[in-house]
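**Q** For reference, this is target_31.txt, and it has compact mmCIF, C-alpha atoms.
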# COMPACT_ATOMS: atom_id res chain seq x y z
CA MET A 93 46.62 -11.47 -29.11
CA PRO A 94 46.88 -7.71 -28.50
CA ARG A 95 44.80 -6.11 -25.77
CA ALA A 96 41.67 -4.25 -26.74
CA LYS A 97 41.93 -0.48 -26.61
CA ARG A 98 40.25 1.16 -23.68
CA PHE A 99 37.07 3.08 -24.31
CA TYR A 100 37.71 6.78 -23.79
CA ILE A 101 35.33 9.68 -23.13
CA PRO A 102 37.17 13.06 -23.14
CA GLY A 103 36.79 15.23 -20.04
CA CYS A 104 35.03 12.49 -18.08
CA VAL A 105 35.35 11.65 -14.39
CA TRP A 106 36.94 8.22 -13.90
CA HIS A 107 36.95 5.84 -10.94
CA ILE A 108 40.21 3.94 -11.21
CA THR A 109 41.10 0.84 -9.23
CA HIS A 110 44.35 -1.12 -9.27
CA ARG A 111 44.94 -4.26 -7.23
CA CYS A 112 48.22 -5.80 -6.08
CA HIS A 113 49.24 -9.10 -7.67
CA LYS A 114 47.26 -12.08 -6.31
CA LYS A 115 45.58 -9.67 -3.85
CA GLU A 116 48.81 -9.69 -1.82
CA PHE A 117 49.24 -7.02 0.84
CA LEU A 118 52.17 -5.32 -0.88
CA LEU A 119 51.05 -1.90 0.37
CA LYS A 120 50.65 -3.03 3.97
CA PHE A 121 53.38 -0.78 5.41
CA ALA A 122 52.96 2.99 5.80
CA ARG A 123 56.24 3.49 3.97
CA ASP A 124 54.87 1.86 0.81
CA ARG A 125 51.54 3.71 0.95
CA ASN A 126 53.39 7.01 1.48
CA ARG A 127 55.62 6.33 -1.52
CA TRP A 128 52.60 5.56 -3.69
CA LEU A 129 51.13 8.93 -2.68
CA ASP A 130 54.45 10.65 -3.45
CA PHE A 131 54.40 9.10 -6.92
CA LEU A 132 50.76 10.18 -7.39
CA PHE A 133 51.62 13.77 -6.44
CA ARG A 134 54.53 13.87 -8.89
CA ALA A 135 52.57 12.24 -11.71
CA LYS A 136 49.62 14.59 -11.12
CA GLN A 137 51.95 17.57 -11.50
CA LYS A 138 53.63 16.14 -14.58
CA TYR A 139 50.45 15.19 -16.46
CA GLY A 140 47.96 17.75 -15.13
CA LEU A 141 45.39 15.26 -13.97
CA GLU A 142 42.71 16.54 -11.60
CA VAL A 143 42.49 14.19 -8.59
CA LEU A 144 39.13 14.39 -6.82
CA ASN A 145 39.62 11.61 -4.27
CA TYR A 146 41.87 8.63 -3.51
CA ILE A 147 42.61 5.87 -1.06
CA VAL A 148 45.59 3.56 -0.73
CA THR A 149 44.72 0.33 1.08
CA SER A 150 46.99 -2.59 1.90
CA ASN A 151 46.33 -4.40 -1.37
CA HIS A 152 44.71 -1.96 -3.82
CA ILE A 153 44.11 1.68 -4.63
CA HIS A 154 41.16 3.80 -5.72
CA LEU A 155 41.44 7.08 -7.60
CA LEU A 156 38.69 9.43 -8.64
CA VAL A 157 40.02 11.71 -11.38
CA SER A 158 38.94 14.11 -14.07
CA ASP A 159 41.19 14.02 -17.09
CA ASN A 160 42.34 17.02 -19.09
CA GLY A 161 40.85 15.85 -22.38
CA ASN A 162 44.02 14.08 -23.48
CA ARG A 163 43.48 10.36 -24.14
CA ASP A 164 46.98 9.49 -22.89
CA THR A 165 46.91 11.34 -19.56
CA ILE A 166 45.47 8.58 -17.36
CA PRO A 167 47.45 5.72 -18.95
CA LYS A 168 50.73 7.65 -18.63
CA LEU A 169 49.96 8.67 -15.05
CA MET A 170 49.09 5.10 -14.06
CA GLN A 171 52.11 3.68 -15.87
CA LEU A 172 54.40 6.09 -14.03
CA ILE A 173 52.92 5.46 -10.59
CA ALA A 174 52.57 1.69 -10.98
CA GLY A 175 56.02 1.30 -12.53
CA GLN A 176 57.84 3.36 -9.91
CA THR A 177 55.97 1.71 -7.04
CA ALA A 178 56.74 -1.80 -8.31
CA GLN A 179 60.35 -1.10 -9.20
CA GLU A 180 61.18 0.55 -5.88
CA TYR A 181 59.44 -2.17 -3.85
CA ASN A 182 61.04 -5.04 -5.78
CA ILE A 183 64.52 -3.55 -5.46
CA ARG A 184 64.12 -2.85 -1.75
CA LYS A 185 62.71 -6.31 -0.99
CA LYS A 186 65.06 -8.11 -3.43
CA ARG A 187 61.93 -9.43 -5.06
CA ARG A 188 61.13 -10.34 -8.65
CA GLY A 189 57.89 -10.63 -10.53
CA ALA A 190 54.62 -8.81 -10.91
CA TYR A 191 53.56 -6.23 -8.36
CA TRP A 192 50.18 -5.31 -9.86
CA GLU A 193 47.55 -7.89 -10.70
CA ASP A 194 46.52 -6.74 -14.14
CA ARG A 195 45.77 -3.52 -15.90
CA TYR A 196 44.07 -0.90 -13.81
CA HIS A 197 40.30 -0.63 -14.18
CA ALA A 198 38.72 2.69 -15.15
CA THR A 199 34.98 3.26 -14.91
CA ALA A 200 33.34 6.44 -16.22
CA ILE A 201 31.36 8.28 -13.53
CA GLN A 202 28.54 10.73 -14.14
CA ALA A 203 29.13 14.08 -12.45
CA ASP A 204 25.95 13.99 -10.38
CA THR A 205 24.78 11.85 -7.47
CA HIS A 206 26.88 9.00 -8.91
CA LEU A 207 29.99 11.12 -8.24
CA ALA A 208 28.94 11.78 -4.65
CA SER A 209 28.25 8.07 -4.14
CA CYS A 210 31.67 7.21 -5.53
CA LEU A 211 33.36 9.71 -3.17
CA ILE A 212 31.62 8.05 -0.23
CA TYR A 213 32.42 4.56 -1.51
CA ILE A 214 36.13 5.42 -1.68
CA ASP A 215 36.17 7.12 1.73
CA MET A 216 34.36 4.22 3.42
CA ASN A 217 36.63 1.51 1.97
CA MET A 218 38.62 0.83 5.14
CA VAL A 219 35.54 1.24 7.35
CA ARG A 220 33.71 -1.49 5.39
CA THR A 221 36.64 -3.87 5.92
CA GLY A 222 36.66 -3.16 9.66
CA VAL A 223 40.20 -1.75 9.74
CA VAL A 224 38.99 1.62 11.06
CA SER A 225 35.69 2.84 12.49
CA HIS A 226 35.71 6.24 10.73
CA PRO A 227 37.32 7.37 7.43
CA SER A 228 39.32 10.07 9.25
CA GLU A 229 41.32 7.31 10.98
CA TRP A 230 42.89 6.13 7.68
CA ARG A 231 45.71 8.54 6.77
CA TRP A 232 46.15 7.38 3.19
CA SER A 233 42.94 8.72 1.71
CA GLY A 234 41.50 11.93 0.39
CA TYR A 235 38.93 12.12 3.20
CA ASN A 236 41.13 14.13 5.58
CA GLU A 237 42.37 16.32 2.73
CA ILE A 238 38.77 17.14 1.78
CA GLN A 239 37.95 17.98 5.40
CA ASN A 240 41.12 20.01 5.98
CA PRO A 241 42.51 21.19 2.63
CA LYS A 242 46.26 21.51 2.33
CA LYS A 243 47.72 24.80 1.17
CA ARG A 244 50.92 23.08 -0.02
CA TYR A 245 51.48 19.67 -1.56
CA ALA A 246 47.76 19.06 -2.05
CA ILE A 247 46.88 16.02 -4.11
CA LEU A 248 43.22 16.93 -4.55
CA ASN A 249 41.91 19.62 -6.87
CA TYR A 250 39.42 21.26 -4.47
CA ARG A 251 38.06 23.77 -6.96
CA ARG A 252 37.27 21.09 -9.54
CA LEU A 253 35.67 18.91 -6.87
CA MET A 254 33.47 21.86 -5.81
CA GLN A 255 32.41 22.40 -9.42
CA PHE A 256 31.42 18.76 -9.86
CA LEU A 257 29.49 18.71 -6.58
CA GLY A 258 27.78 22.04 -7.31
CA PHE A 259 29.28 24.01 -4.42
CA GLU A 260 29.88 27.69 -5.05
CA SER A 261 32.57 28.07 -2.43
CA TYR A 262 34.83 26.03 -0.23
CA THR A 263 35.17 29.11 1.99
CA LEU A 264 32.05 28.53 4.01
CA ARG A 265 33.14 25.03 4.89
CA VAL A 266 36.90 25.12 5.25
CA GLY A 267 38.22 28.65 4.86
CA LEU A 268 39.74 28.54 1.35
CA THR A 269 39.40 31.59 -0.82
For the file at hand, write its structure as structure tokens.

**A**
Amino acid sequence: MPRAKRFYIPGCVWHITHRCHKKEFLLKFARDRNRWLDFLFRAKQKYGLEVLNYIVTSNHIHLLVSDNGNRDTIPKLMQLIAGQTAQEYNIRKKRRGAYWEDRYHATAIQADTHLASCLIYIDMNMVRTGVVSHPSEWRWSGYNEIQNPKKRYAILNYRRLMQFLGFESYTLRVGLT
């Protein structure tokens, strides 16, 4: 039986989660988490997706994104990232079989207090599991990028994040113009 089509709301903010197959810790090494972020950066550039926050844990990922109004943007981005991550890992480890558990999950988020709650939920992921005591201690998340925006190779779209959160300027907080 074919899969049901995903429900789509153009221009919405989406909280995306994707878990490794059988909840295995396939992203447990820094090398694998770094590669996933490299693939995210490339896919973001290719498809024009606005990333608002992210975290790569040892066995799953979270993304908070705003699409560009194109129904195919998120599926193509996720297919590219998931496919490249799995293929590279399986080749390197001489492994066969599924890397990701199932399809990624995408939940529509209202751009209000629900968005702020989702940002916090993502940032606190590794704190809740007891791996770190503060979100700044986990390198593979958007928390540090929000606190200290990158001028080059940024994954997050700071201006779009400010718009959604109702901030007029990032300048007062972090010195961006």

**Q** Taking all atoms listed in the file into account, name the residue in A:Trp106, A:Tyr245, A:Tyr235, A:Trp192 that is nearest to Leu155 (chain A).

**A**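 Closest candidate: A:Trp106.
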
**Q** For Asn160 (chain A), which residue out of A:Ile147, A:Leu253, A:Ala135, A:Cys104 is the nearest one, using all atoms listed in the file?

**A**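 Using all atoms listed in the file, the shortest distance to Asn160 (chain A) belongs to A:Cys104.
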
**Q** Between CA of Tyr181 (chain A) and CA of Pro227 (chain A), what is the distance in Å, rounded to a tenth?

**A**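 So the two atoms, CA of Tyr181 (chain A) and CA of Pro227 (chain A), lie 26.6 Å apart.
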
**Q** May I have the residues within 10 Å of Thr165 (chain A) as a list in words, using all atoms listed in the file and disregarding those fewer than 5 positions away in the same chain?

**A**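 Selected residues are Ala135, Lys136, Lys138, Tyr139, Gly140, Leu141, Asp159, Asn160, Met170 and Gln171 of chain A.
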
**Q** Could you produce a table of the residues of region 150-199 of chain A lying within 10 Å of region 206-226 of chain A, with the nearest pair of atoms per residue and their separation in Å rounded to one decimal, using all atoms listed in the file, ordered by chain and increasing residue number, as a Markdown table?

**A**
| residue | atom | partner | partner_atom | distance |
| --- | --- | --- | --- | --- |
| A:Ser150 | CA | A:Met218 | CA | 9.6 |
| A:Ile153 | CA | A:Ile214 | CA | 9.3 |
| A:His154 | CA | A:Ile214 | CA | 6.7 |
| A:Leu155 | CA | A:Ile214 | CA | 8.1 |
| A:Leu156 | CA | A:Leu211 | CA | 7.6 |

**Q** Restricting it to C-alpha atoms, dump the selection as a PDB file, in the frame of the given file.

**A**
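This is the output file part.pdb:
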ATOM      1  CA  SER A 150      46.990  -2.590   1.900  1.00  0.00           C
ATOM      2  CA  ILE A 153      44.110   1.680  -4.630  1.00  0.00           C
ATOM      3  CA  HIS A 154      41.160   3.800  -5.720  1.00  0.00           C
ATOM      4  CA  LEU A 155      41.440   7.080  -7.600  1.00  0.00           C
ATOM      5  CA  LEU A 156      38.690   9.430  -8.640  1.00  0.00           C
TER       6      LEU A 156
END

**Q** Restricting the calculation to all atoms listed in the file, which member of A:Glu237, A:Leu257, A:Lys114, A:Tyr146 is positioned closest to Ala190 (chain A)?

**A** A:Lys114

**Q** Using the incomplete input, complete region 195-211 of chain A to the level of N, CA and C atoms; output as a PDB file, keeping the file's coordinate frame.

**A**
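After the write, result06.pdb holds the following:
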ATOM      1  N   ARG A 195      45.932  -4.929 -15.572  1.00  0.00           N
ATOM      2  CA  ARG A 195      45.770  -3.520 -15.900  1.00  0.00           C
ATOM      3  C   ARG A 195      44.843  -2.888 -14.869  1.00  0.00           C
ATOM      4  N   TYR A 196      45.002  -1.600 -14.691  1.00  0.00           N
ATOM      5  CA  TYR A 196      44.070  -0.900 -13.810  1.00  0.00           C
ATOM      6  C   TYR A 196      42.695  -0.885 -14.471  1.00  0.00           C
ATOM      7  N   HIS A 197      41.673  -0.708 -13.678  1.00  0.00           N
ATOM      8  CA  HIS A 197      40.300  -0.630 -14.180  1.00  0.00           C
ATOM      9  C   HIS A 197      39.827   0.807 -14.075  1.00  0.00           C
ATOM     10  N   ALA A 198      39.235   1.320 -15.129  1.00  0.00           N
ATOM     11  CA  ALA A 198      38.720   2.690 -15.150  1.00  0.00           C
ATOM     12  C   ALA A 198      37.251   2.656 -15.535  1.00  0.00           C
ATOM     13  N   THR A 199      36.420   3.217 -14.678  1.00  0.00           N
ATOM     14  CA  THR A 199      34.980   3.260 -14.910  1.00  0.00           C
ATOM     15  C   THR A 199      34.556   4.719 -15.001  1.00  0.00           C
ATOM     16  N   ALA A 200      33.845   5.076 -16.061  1.00  0.00           N
ATOM     17  CA  ALA A 200      33.340   6.440 -16.220  1.00  0.00           C
ATOM     18  C   ALA A 200      32.254   6.702 -15.176  1.00  0.00           C
ATOM     19  N   ILE A 201      32.301   7.884 -14.571  1.00  0.00           N
ATOM     20  CA  ILE A 201      31.360   8.280 -13.530  1.00  0.00           C
ATOM     21  C   ILE A 201      30.612   9.523 -13.994  1.00  0.00           C
ATOM     22  N   GLN A 202      29.302   9.531 -13.824  1.00  0.00           N
ATOM     23  CA  GLN A 202      28.540  10.730 -14.140  1.00  0.00           C
ATOM     24  C   GLN A 202      28.751  11.753 -13.031  1.00  0.00           C
ATOM     25  N   ALA A 203      28.892  13.019 -13.429  1.00  0.00           N
ATOM     26  CA  ALA A 203      29.130  14.080 -12.450  1.00  0.00           C
ATOM     27  C   ALA A 203      27.800  14.531 -11.844  1.00  0.00           C
ATOM     28  N   ASP A 204      27.192  13.673 -11.070  1.00  0.00           N
ATOM     29  CA  ASP A 204      25.950  13.990 -10.380  1.00  0.00           C
ATOM     30  C   ASP A 204      25.944  13.204  -9.068  1.00  0.00           C
ATOM     31  N   THR A 205      24.832  12.622  -8.712  1.00  0.00           N
ATOM     32  CA  THR A 205      24.780  11.850  -7.470  1.00  0.00           C
ATOM     33  C   THR A 205      25.689  10.622  -7.539  1.00  0.00           C
ATOM     34  N   HIS A 206      25.962  10.128  -8.750  1.00  0.00           N
ATOM     35  CA  HIS A 206      26.880   9.000  -8.910  1.00  0.00           C
ATOM     36  C   HIS A 206      28.278   9.398  -8.422  1.00  0.00           C
ATOM     37  N   LEU A 207      28.689  10.621  -8.698  1.00  0.00           N
ATOM     38  CA  LEU A 207      29.990  11.120  -8.240  1.00  0.00           C
ATOM     39  C   LEU A 207      30.031  11.180  -6.712  1.00  0.00           C
ATOM     40  N   ALA A 208      28.985  11.710  -6.114  1.00  0.00           N
ATOM     41  CA  ALA A 208      28.940  11.780  -4.650  1.00  0.00           C
ATOM     42  C   ALA A 208      28.968  10.387  -4.036  1.00  0.00           C
ATOM     43  N   SER A 209      28.250   9.452  -4.629  1.00  0.00           N
ATOM     44  CA  SER A 209      28.250   8.070  -4.140  1.00  0.00           C
ATOM     45  C   SER A 209      29.633   7.448  -4.249  1.00  0.00           C
ATOM     46  N   CYS A 210      30.328   7.745  -5.336  1.00  0.00           N
ATOM     47  CA  CYS A 210      31.670   7.210  -5.530  1.00  0.00           C
ATOM     48  C   CYS A 210      32.655   7.796  -4.514  1.00  0.00           C
ATOM     49  N   LEU A 211      32.522   9.083  -4.212  1.00  0.00           N
ATOM     50  CA  LEU A 211      33.360   9.710  -3.170  1.00  0.00           C
ATOM     51  C   LEU A 211      33.171   8.977  -1.847  1.00  0.00           C
TER      52      LEU A 211
END
